[in-house]
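Engineer: Sharing coords_30.cif here; it has mmCIF, C-alpha atoms (C1' of nucleotides).
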```
data_protein
#
loop_
_atom_site.group_PDB
_atom_site.id
_atom_site.type_symbol
_atom_site.label_atom_id
_atom_site.label_comp_id
_atom_site.auth_asym_id
_atom_site.auth_seq_id
_atom_site.Cartn_x
_atom_site.Cartn_y
_atom_site.Cartn_z
ATOM 1 C CA MET A 28 168.892 -182.378 106.325
ATOM 2 C CA PRO A 29 170.224 -179.030 107.247
ATOM 3 C CA GLU A 30 172.649 -176.790 105.506
ATOM 4 C CA LEU A 31 172.054 -173.087 105.020
ATOM 5 C CA PRO A 32 169.234 -173.295 102.447
ATOM 6 C CA GLU A 33 167.327 -175.936 104.371
ATOM 7 C CA VAL A 34 167.590 -174.075 107.677
ATOM 8 C CA GLN A 35 166.585 -170.818 105.983
ATOM 9 C CA THR A 36 163.610 -172.583 104.439
ATOM 10 C CA VAL A 37 162.434 -173.781 107.832
ATOM 11 C CA VAL A 38 162.805 -170.237 109.199
ATOM 12 C CA ASN A 39 160.840 -168.753 106.301
ATOM 13 C CA TYR A 40 158.133 -171.287 106.888
ATOM 14 C CA ILE A 41 157.578 -170.781 110.620
ATOM 15 C CA ARG A 42 158.537 -167.138 111.057
ATOM 16 C CA ASP A 43 155.223 -165.382 110.445
ATOM 17 C CA ASP A 44 153.354 -167.817 112.628
ATOM 18 C CA LEU A 45 155.667 -167.314 115.574
ATOM 19 C CA ILE A 46 156.344 -163.594 115.734
ATOM 20 C CA GLY A 47 153.980 -162.047 118.270
ATOM 21 C CA ASP A 48 153.288 -165.346 120.006
ATOM 22 C CA THR A 49 154.755 -166.151 123.412
ATOM 23 C CA ILE A 50 156.586 -169.245 124.633
ATOM 24 C CA ILE A 51 155.017 -170.386 127.895
ATOM 25 C CA GLY A 52 156.866 -173.670 128.360
ATOM 26 C CA ILE A 53 158.927 -176.455 126.903
ATOM 27 C CA GLU A 54 158.511 -180.231 127.267
ATOM 28 C CA PRO A 55 161.748 -182.099 126.656
ATOM 29 C CA LEU A 56 161.103 -185.716 125.641
ATOM 30 C CA TRP A 57 164.735 -186.763 125.432
ATOM 31 C CA GLY A 58 167.216 -186.123 128.199
ATOM 32 C CA LYS A 59 169.930 -184.323 126.277
ATOM 33 C CA VAL A 60 167.859 -182.183 123.951
ATOM 34 C CA LEU A 61 168.146 -179.019 126.060
ATOM 35 C CA ASP A 62 171.837 -178.274 125.894
ATOM 36 C CA ASN A 63 172.513 -175.439 128.320
ATOM 37 C CA PHE A 64 169.271 -174.827 130.182
ATOM 38 C CA SER A 65 166.353 -176.693 131.727
ATOM 39 C CA LYS A 66 162.613 -176.545 131.267
ATOM 40 C CA SER A 67 162.307 -174.454 134.434
ATOM 41 C CA LEU A 68 163.650 -171.509 132.442
ATOM 42 C CA PHE A 69 160.128 -170.960 131.149
ATOM 43 C CA ASN A 70 158.440 -170.959 134.548
ATOM 44 C CA LYS A 71 158.870 -167.824 136.626
ATOM 45 C CA ASN A 72 157.954 -164.299 135.908
ATOM 46 C CA HIS A 73 159.705 -163.880 132.626
ATOM 47 C CA ASN A 74 157.982 -163.074 129.386
ATOM 48 C CA PHE A 75 159.116 -164.892 126.277
ATOM 49 C CA LEU A 76 157.359 -162.872 123.609
ATOM 50 C CA ILE A 77 158.798 -163.856 120.239
ATOM 51 C CA VAL A 78 160.092 -160.759 118.488
ATOM 52 C CA ASP A 79 162.102 -162.315 115.659
ATOM 53 C CA VAL A 80 162.819 -165.635 113.972
ATOM 54 C CA ARG A 81 165.879 -165.829 111.765
ATOM 55 C CA ARG A 82 168.846 -167.962 110.750
ATOM 56 C CA ARG A 83 172.473 -167.622 111.816
ATOM 57 C CA ALA A 84 174.853 -170.228 110.399
ATOM 58 C CA LYS A 85 172.880 -173.483 110.618
ATOM 59 C CA LEU A 86 171.014 -172.348 113.717
ATOM 60 C CA ILE A 87 167.361 -171.374 113.885
ATOM 61 C CA ILE A 88 167.253 -168.305 116.108
ATOM 62 C CA ILE A 89 164.056 -167.590 118.002
ATOM 63 C CA GLU A 90 164.529 -164.233 119.666
ATOM 64 C CA THR A 91 162.270 -163.487 122.603
ATOM 65 C CA THR A 92 162.066 -160.501 124.924
ATOM 66 C CA ASP A 93 163.960 -162.510 127.536
ATOM 67 C CA LYS A 94 166.272 -165.051 125.897
ATOM 68 C CA ILE A 95 167.509 -166.071 122.503
ATOM 69 C CA ILE A 96 166.504 -169.647 121.795
ATOM 70 C CA ALA A 97 168.676 -171.408 119.225
ATOM 71 C CA VAL A 98 167.823 -174.734 117.605
ATOM 72 C CA HIS A 99 170.400 -176.841 115.779
ATOM 73 C CA LEU A 100 168.896 -179.595 113.632
ATOM 74 C CA ARG A 101 172.210 -181.431 113.123
ATOM 75 C CA MET A 102 171.603 -184.378 110.784
ATOM 76 C CA THR A 103 167.953 -185.363 111.099
ATOM 77 C CA GLY A 104 166.218 -182.633 113.049
ATOM 78 C CA LYS A 105 162.925 -181.091 111.987
ATOM 79 C CA LEU A 106 161.158 -178.085 113.441
ATOM 80 C CA PHE A 107 157.560 -177.234 112.644
ATOM 81 C CA ILE A 108 154.371 -175.847 114.099
ATOM 82 C CA LYS A 109 151.502 -178.089 115.057
ATOM 83 C CA GLU A 110 148.087 -177.505 116.527
ATOM 84 C CA ASN A 111 147.137 -180.990 117.744
ATOM 85 C CA LYS A 112 148.739 -182.819 120.608
ATOM 86 C CA ILE A 113 149.673 -186.122 119.023
ATOM 87 C CA ILE A 114 153.253 -186.929 119.983
ATOM 88 C CA SER A 115 155.195 -188.663 117.235
ATOM 89 C CA LYS A 116 157.801 -191.337 117.764
ATOM 90 C CA HIS A 117 160.809 -189.122 117.159
ATOM 91 C CA CYS A 118 159.556 -186.034 118.942
ATOM 92 C CA ARG A 119 162.328 -184.787 121.254
ATOM 93 C CA ALA A 120 160.844 -181.513 122.513
ATOM 94 C CA ILE A 121 157.699 -179.428 122.319
ATOM 95 C CA PHE A 122 157.513 -175.659 122.861
ATOM 96 C CA LEU A 123 154.142 -174.589 124.237
ATOM 97 C CA LEU A 124 152.820 -171.275 122.966
ATOM 98 C CA LYS A 125 150.314 -168.859 124.403
ATOM 99 C CA SER A 126 148.153 -169.182 121.282
ATOM 100 C CA GLY A 127 147.723 -172.907 121.895
ATOM 101 C CA LYS A 128 150.001 -173.843 119.010
ATOM 102 C CA GLN A 129 153.168 -175.841 119.562
ATOM 103 C CA ILE A 130 156.609 -175.872 118.044
ATOM 104 C CA VAL A 131 157.591 -179.505 117.587
ATOM 105 C CA PHE A 132 161.198 -180.628 117.431
ATOM 106 C CA GLU A 133 161.608 -184.102 115.943
ATOM 107 C CA ASP A 134 164.980 -185.762 115.530
ATOM 108 C CA ILE A 135 165.571 -189.397 114.660
ATOM 109 C CA ARG A 136 169.260 -189.537 115.556
ATOM 110 C CA LYS A 137 169.096 -187.350 118.666
ATOM 111 C CA PHE A 138 172.053 -185.178 117.637
ATOM 112 C CA GLY A 139 170.023 -181.973 117.542
ATOM 113 C CA ARG A 140 170.145 -179.528 120.444
ATOM 114 C CA ILE A 141 168.286 -176.507 121.769
ATOM 115 C CA TYR A 142 170.215 -173.659 123.402
ATOM 116 C CA ALA A 143 169.286 -170.542 125.358
ATOM 117 C CA TYR A 144 171.449 -167.417 125.440
ATOM 118 C CA ASP A 145 171.166 -163.849 126.681
ATOM 119 C CA ASN A 146 172.426 -162.480 123.379
ATOM 120 C CA MET A 147 174.193 -163.494 120.155
ATOM 121 C CA LYS A 148 177.706 -163.143 121.529
ATOM 122 C CA ILE A 149 178.555 -166.811 122.011
ATOM 123 C CA ILE A 150 176.873 -167.876 118.789
ATOM 124 C CA ASP A 151 178.703 -165.234 116.772
ATOM 125 C CA SER A 152 182.024 -166.110 118.356
ATOM 126 C CA LYS A 153 181.667 -169.703 117.189
ATOM 127 C CA HIS A 154 180.699 -168.931 113.610
ATOM 128 C CA GLY A 155 182.314 -167.211 110.684
ATOM 129 C CA VAL A 156 180.984 -165.090 107.877
ATOM 130 C CA GLU A 157 177.545 -165.559 106.327
ATOM 131 C CA PRO A 158 178.133 -166.597 102.710
ATOM 132 C CA LEU A 159 175.110 -164.635 101.513
ATOM 133 C CA GLY A 160 175.989 -161.575 103.562
ATOM 134 C CA GLN A 161 177.891 -158.369 102.773
ATOM 135 C CA ARG A 162 181.030 -159.420 104.612
ATOM 136 C CA PHE A 163 181.593 -162.430 102.390
ATOM 137 C CA THR A 164 183.711 -160.950 99.625
ATOM 138 C CA ILE A 165 186.126 -162.289 97.049
ATOM 139 C CA LYS A 166 188.940 -160.709 99.052
ATOM 140 C CA PHE A 167 187.817 -162.489 102.207
ATOM 141 C CA LEU A 168 187.740 -165.851 100.448
ATOM 142 C CA TYR A 169 191.033 -165.294 98.663
ATOM 143 C CA GLU A 170 192.861 -164.349 101.846
ATOM 144 C CA GLY A 171 191.189 -167.079 103.868
ATOM 145 C CA LEU A 172 192.384 -169.711 101.418
ATOM 146 C CA ARG A 173 195.866 -168.285 100.963
ATOM 147 C CA ASN A 174 196.512 -167.907 104.677
ATOM 148 C CA ARG A 175 195.909 -171.552 105.423
ATOM 149 C CA LYS A 176 197.158 -174.884 104.171
ATOM 150 C CA ARG A 177 194.057 -176.922 104.818
ATOM 151 C CA ASN A 178 192.495 -179.208 102.308
ATOM 152 C CA ILE A 179 189.804 -177.147 100.679
ATOM 153 C CA LYS A 180 186.885 -179.395 101.513
ATOM 154 C CA TYR A 181 187.707 -179.259 105.211
ATOM 155 C CA LEU A 182 188.052 -175.503 105.088
ATOM 156 C CA LEU A 183 184.696 -174.978 103.394
ATOM 157 C CA LEU A 184 183.034 -177.191 105.993
ATOM 158 C CA ASP A 185 184.633 -175.221 108.832
ATOM 159 C CA GLN A 186 181.791 -173.159 110.322
ATOM 160 C CA LYS A 187 184.266 -170.763 111.911
ATOM 161 C CA PHE A 188 185.439 -169.812 108.446
ATOM 162 C CA ILE A 189 182.202 -169.726 106.449
ATOM 163 C CA ALA A 190 178.968 -170.490 108.262
ATOM 164 C CA GLY A 191 176.324 -172.552 106.527
ATOM 165 C CA LEU A 192 177.983 -174.800 103.980
ATOM 166 C CA GLY A 193 177.720 -178.548 104.515
ATOM 167 C CA ASN A 194 178.607 -181.752 102.744
ATOM 168 C CA ILE A 195 176.246 -181.397 99.796
ATOM 169 C CA TYR A 196 176.982 -177.824 98.805
ATOM 170 C CA THR A 197 180.751 -178.058 99.237
ATOM 171 C CA ASP A 198 180.813 -180.918 96.737
ATOM 172 C CA GLU A 199 178.646 -178.909 94.366
ATOM 173 C CA CYS A 200 180.767 -175.759 94.633
ATOM 174 C CA LEU A 201 184.070 -177.579 94.198
ATOM 175 C CA TRP A 202 182.780 -179.326 91.100
ATOM 176 C CA ILE A 203 181.591 -176.067 89.557
ATOM 177 C CA SER A 204 184.883 -174.345 90.263
ATOM 178 C CA LYS A 205 186.902 -177.356 89.037
ATOM 179 C CA ILE A 206 188.818 -177.816 92.271
ATOM 180 C CA HIS A 207 189.683 -181.271 93.597
ATOM 181 C CA PRO A 208 188.362 -181.559 97.183
ATOM 182 C CA LYS A 209 191.807 -182.559 98.462
ATOM 183 C CA SER A 210 193.520 -179.488 97.043
ATOM 184 C CA ILE A 211 195.563 -177.425 99.484
ATOM 185 C CA SER A 212 193.709 -174.148 99.971
ATOM 186 C CA SER A 213 196.798 -171.962 99.611
ATOM 187 C CA LYS A 214 197.714 -173.505 96.243
ATOM 188 C CA ILE A 215 194.445 -172.893 94.437
ATOM 189 C CA PRO A 216 194.823 -170.409 91.548
ATOM 190 C CA GLU A 217 193.078 -167.071 91.799
ATOM 191 C CA LYS A 218 190.864 -167.843 88.818
ATOM 192 C CA ASN A 219 189.432 -170.898 90.560
ATOM 193 C CA ILE A 220 188.951 -169.028 93.827
ATOM 194 C CA HIS A 221 186.929 -166.527 91.873
ATOM 195 C CA LYS A 222 184.785 -169.303 90.457
ATOM 196 C CA LEU A 223 184.443 -170.822 93.887
ATOM 197 C CA PHE A 224 183.227 -167.522 95.288
ATOM 198 C CA GLU A 225 180.587 -167.198 92.600
ATOM 199 C CA SER A 226 179.528 -170.827 92.901
ATOM 200 C CA ILE A 227 178.965 -170.577 96.652
ATOM 201 C CA LYS A 228 176.540 -167.704 96.159
ATOM 202 C CA THR A 229 174.872 -169.249 93.128
ATOM 203 C CA VAL A 230 174.403 -172.711 94.568
ATOM 204 C CA LEU A 231 172.989 -171.448 97.864
ATOM 205 C CA LEU A 232 170.601 -169.034 96.146
ATOM 206 C CA GLU A 233 169.469 -171.661 93.636
ATOM 207 C CA SER A 234 168.818 -174.113 96.409
ATOM 208 C CA LEU A 235 166.921 -171.532 98.433
ATOM 209 C CA GLU A 236 164.692 -170.975 95.410
ATOM 210 C CA SER A 237 163.869 -174.676 95.442
ATOM 211 C CA MET A 238 163.337 -174.702 99.196
ATOM 212 C CA GLY A 239 166.460 -176.724 99.778
ATOM 213 C CA THR A 240 167.579 -180.238 99.064
ATOM 214 C CA THR A 241 165.736 -183.246 100.281
ATOM 215 C CA ILE A 242 167.338 -186.609 99.818
ATOM 216 C CA ILE A 243 165.286 -189.741 100.058
ATOM 217 C CA ASN A 244 162.247 -188.682 102.074
ATOM 218 C CA TYR A 245 163.549 -186.325 104.696
ATOM 219 C CA SER A 246 160.759 -183.869 104.235
ATOM 220 C CA PHE A 247 161.148 -181.090 106.728
ATOM 221 C CA VAL A 248 158.403 -178.544 106.906
ATOM 222 C CA ASN A 249 154.946 -179.956 107.482
ATOM 223 C CA GLY A 250 155.595 -182.818 105.134
ATOM 224 C CA ARG A 251 156.747 -180.578 102.306
ATOM 225 C CA SER A 252 160.139 -181.204 100.851
ATOM 226 C CA GLY A 253 162.746 -179.287 98.927
ATOM 227 C CA GLN A 254 163.245 -179.836 95.220
ATOM 228 C CA TYR A 255 166.909 -179.051 94.824
ATOM 229 C CA SER A 256 167.944 -182.719 94.807
ATOM 230 C CA ASP A 257 166.892 -182.822 91.143
ATOM 231 C CA GLN A 258 169.399 -180.103 90.355
ATOM 232 C CA LEU A 259 172.435 -181.517 92.154
ATOM 233 C CA ARG A 260 175.446 -181.657 89.874
ATOM 234 C CA VAL A 261 177.721 -184.208 91.600
ATOM 235 C CA PHE A 262 176.477 -185.009 95.078
ATOM 236 C CA GLY A 263 175.080 -188.536 95.236
ATOM 237 C CA ARG A 264 175.940 -189.222 91.582
ATOM 238 C CA THR A 265 178.584 -191.882 92.271
ATOM 239 C CA ASN A 266 179.452 -193.834 89.106
ATOM 240 C CA LYS A 267 177.136 -191.694 87.019
ATOM 241 C CA PRO A 268 178.601 -189.627 84.175
ATOM 242 C CA CYS A 269 180.002 -186.194 84.927
ATOM 243 C CA LYS A 270 177.632 -183.616 83.477
ATOM 244 C CA ILE A 271 180.520 -181.956 81.659
ATOM 245 C CA CYS A 272 182.927 -184.655 80.503
ATOM 246 C CA ASP A 273 181.031 -187.952 80.926
ATOM 247 C CA TYR A 274 183.710 -189.451 83.171
ATOM 248 C CA LYS A 275 182.352 -191.509 86.054
ATOM 249 C CA ILE A 276 181.832 -189.492 89.237
ATOM 250 C CA LYS A 277 184.035 -190.854 92.012
ATOM 251 C CA LYS A 278 183.293 -191.062 95.676
ATOM 252 C CA ILE A 279 186.096 -190.835 98.213
ATOM 253 C CA ARG A 280 186.477 -189.836 101.852
ATOM 254 C CA VAL A 281 187.736 -186.354 102.617
ATOM 255 C CA ALA A 282 187.708 -184.757 106.054
ATOM 256 C CA GLY A 283 185.784 -187.806 107.230
ATOM 257 C CA ARG A 284 182.924 -187.174 104.825
ATOM 258 C CA GLY A 285 181.746 -188.977 101.711
ATOM 259 C CA THR A 286 182.914 -186.741 98.863
ATOM 260 C CA HIS A 287 181.832 -186.782 95.222
ATOM 261 C CA PHE A 288 183.943 -185.366 92.423
ATOM 262 C CA CYS A 289 185.074 -185.736 88.826
ATOM 263 C CA GLN A 290 188.625 -186.940 88.427
ATOM 264 C CA LYS A 291 188.943 -185.358 85.023
ATOM 265 C CA CYS A 292 187.364 -181.943 85.583
ATOM 266 C CA GLN A 293 188.562 -181.188 89.087
ATOM 267 C CA LYS A 294 192.268 -180.503 89.359
ATOM 268 C CA LYS A 295 194.232 -181.244 92.487
ATOM 269 C CA TYR A 296 196.408 -178.310 93.534
ATOM 270 C CA THR A 297 199.062 -179.333 96.056
ATOM 271 C "C1'" DC B 17 199.114 -175.934 112.487
ATOM 272 C "C1'" DC B 18 197.067 -179.970 110.142
ATOM 273 C "C1'" DA B 19 194.851 -184.640 109.391
ATOM 274 C "C1'" DT B 20 192.315 -188.477 110.978
ATOM 275 C "C1'" DG B 21 189.220 -191.158 113.704
ATOM 276 C "C1'" DA B 22 185.969 -191.772 117.215
ATOM 277 C "C1'" DA B 23 181.955 -190.421 119.597
ATOM 278 C "C1'" DC B 24 177.214 -189.004 119.810
ATOM 279 C "C1'" DC B 25 172.372 -191.918 117.799
ATOM 280 C "C1'" DT B 26 168.776 -194.383 114.848
ATOM 281 C "C1'" DG B 27 167.337 -196.407 110.755
ATOM 282 C "C1'" DG B 28 167.737 -197.636 105.881
ATOM 283 C "C1'" DT B 29 170.077 -200.366 102.381
ATOM 284 C "C1'" DC B 30 173.009 -203.843 100.433
ATOM 285 C "C1'" DG B 31 175.196 -208.277 100.119
ATOM 286 C "C1'" DC B 32 175.190 -212.983 101.529
ATOM 287 C "C1'" DT C 23 163.540 -213.597 106.013
ATOM 288 C "C1'" DG C 24 167.466 -212.683 108.726
ATOM 289 C "C1'" DC C 25 171.811 -210.762 109.935
ATOM 290 C "C1'" DG C 26 175.869 -208.081 109.878
ATOM 291 C "C1'" DA C 27 178.328 -204.319 107.771
ATOM 292 C "C1'" DC C 28 178.154 -199.898 106.297
ATOM 293 C "C1'" DC C 29 176.236 -195.503 105.338
ATOM 294 C "C1'" DA C 30 173.863 -190.920 106.453
ATOM 295 C "C1'" DG C 31 172.882 -183.448 104.959
ATOM 296 C "C1'" DG C 32 176.815 -182.176 111.684
ATOM 297 C "C1'" DT C 33 179.871 -181.022 115.380
ATOM 298 C "C1'" DT C 34 183.327 -181.804 118.897
ATOM 299 C "C1'" DC C 35 187.103 -183.971 121.129
ATOM 300 C "C1'" DA C 36 191.317 -186.722 121.361
ATOM 301 C "C1'" DT C 37 195.460 -188.286 119.222
ATOM 302 C "C1'" DG C 38 199.565 -188.420 116.174
#
```
Go ahead and render the structure in this file as structure tokens.
Structural biologist:
Amino acid sequence: MPELPEVQTVVNYIRDDLIGDTIIGIEPLWGKVLDNFSKSLFNKNHNFLIVDVRRRAKLIIIETTDKIIAVHLRMTGKLFIKENKIISKHCRAIFLLKSGKQIVFEDIRKFGRIYAYDNMKIIDSKHGVEPLGQRFTIKFLYEGLRNRKRNIKYLLLDQKFIAGLGNIYTDECLWISKIHPKSISSKIPEKNIHKLFESIKTVLLESLESMGTTIINYSFVNGRSGQYSDQLRVFGRTNKPCKICDYKIKKIRVAGRGTHFCQKCQKKYT
DNA sequence: CCATGAACCTGGTCGC
DNA sequence: TGCGACCAGGTTCATG
């Protein structure tokens, strides 16, 4: 489920409810869900008043007066607020709040993790620029591509380079900017890099407007689901006609991921 | 430095 | 209906 727009949508949804509340405990229901701390963190004499909820990369950041709690949804994680105490099949952890509400973390595939840190240092050191932030500029993208010889799909998925893009949106952006996903980053013409820069911003903002992409029935916030899947240009359109040239969309494997593209529109720069 | 594959997990779908 | 193979929006580690 989660790339930047989906994670941001979850944050927007739970933020107002959480700020001002206090975490008084956590119940892990799966052994590995707490990555670098244990439930005893919330005992003691510390106060975990929630002062901010935001997104950094694909992490949901819950900032409290004591620790920063970070939740990574990985592939199938969901995070939402619930008032009753019915525990669902895929529930992996429950945060208990002073108000009586709970933050529920569900995750079918058990890849998701919850972290606790003293500050943002470690998180920031592991992630690159925010694609919707001020520091993401055309110059940054141009130099980043020219200074490396990675295949472009891999590079866009690299969270240390740009933080927040995933498999869906990289396919979308590469299609829009007419770049074959196996192109060598340093060989891509400036004109296409420019298009790529614009497409990254456009696609992420469009998707945010639609509250993200939901494929099949991975609804994420209280049963509501994103609408962007209707607007996808290439992702998941294997063997369907390219929206520009009518050629059949191909699906291949790049950087270990299923990758959709148009053989006619997207040029391979090597 | 770069590419690939496996590992971590469960569940849905497709073909036979 | 059943069964095996394969796939999945992410990340990390090992290997060549």
Engineer: Give me, as JSON lines, each residue of chain B that comes within 7 Å of chain A, together with its shortest interatomic pair and the distance in Å at one decimal, counting all atoms listed in the file, with rows ordered by chain and rising residue number.
Structural biologist:
```
{"residue": "B:DC18", "atom": "C1'", "partner": "A:Arg177", "partner_atom": "CA", "distance": 6.8}
{"residue": "B:DC24", "atom": "C1'", "partner": "A:Phe138", "partner_atom": "CA", "distance": 6.8}
{"residue": "B:DC25", "atom": "C1'", "partner": "A:Arg136", "partner_atom": "CA", "distance": 4.5}
{"residue": "B:DT26", "atom": "C1'", "partner": "A:Arg136", "partner_atom": "CA", "distance": 4.9}
```
Engineer: Store the residues picked out above in a file with C-alpha atoms (C1' of nucleotides), as a short mmCIF file (atom, residue, chain, number, x, y, z; two decimals), keeping the file's coordinate frame.
Structural biologist:
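See out-v2.cif below for the written result:
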```cif
data_model
loop_
_atom_site.label_atom_id
_atom_site.label_comp_id
_atom_site.auth_asym_id
_atom_site.auth_seq_id
_atom_site.Cartn_x
_atom_site.Cartn_y
_atom_site.Cartn_z
"C1'" DC B 18 197.07 -179.97 110.14
"C1'" DC B 24 177.21 -189.00 119.81
"C1'" DC B 25 172.37 -191.92 117.80
"C1'" DT B 26 168.78 -194.38 114.85
#
```
Engineer: Evaluate the PyMOL selection byres ((chain A and resi 260) around 8) and record the selected residues as a list of chain:residue names, following the chain and residue labels used in the document.
Structural biologist: A:Glu199, A:Trp202, A:Gln258, A:Leu259, A:Val261, A:Phe262, A:Arg264, A:Lys270
Engineer: What separation in Å, quoted to one decimal, exists between atom CA of A:Lys222 and atom CA of A:Asn266?
Structural biologist: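 One can read the atom CA of A:Lys222 to atom CA of A:Asn266 distance as 25.1 Å.
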Engineer: If we count only C-alpha atoms (C1' of nucleotides) and set the cut-off at 10 Å, which residues sit around A:Leu31, ignoring sequence neighbours fewer than 6 positions away in its own chain? Please answer as a ChimeraX atom specification.
Structural biologist: /A:82-86,157-159,190-193,196,231-232,234-235,239
Engineer: Could you expand the PyMOL selection byres ((chain A and resi 114) around 12) into the explicit residues it covers here, written as a list in words?
Structural biologist: Glu54, Pro55, Leu56, Lys109, Glu110, Asn111, Lys112, Ile113, Ser115, Lys116, His117, Cys118, Arg119, Ala120, Ile121, Gln129, Ile130, Val131, Phe132 and Glu133 of chain A
Engineer: Any chance you could work out the axis-aligned box around chain C, listed atoms only, 5 Å on each side, giving centre and edge lengths in Å to one decimal, as lines of an AutoDock Vina configuration file?
Structural biologist:
```
center_x = 181.6
center_y = -197.3
center_z = 113.2
size_x = 46.0
size_y = 42.6
size_z = 26.4
```
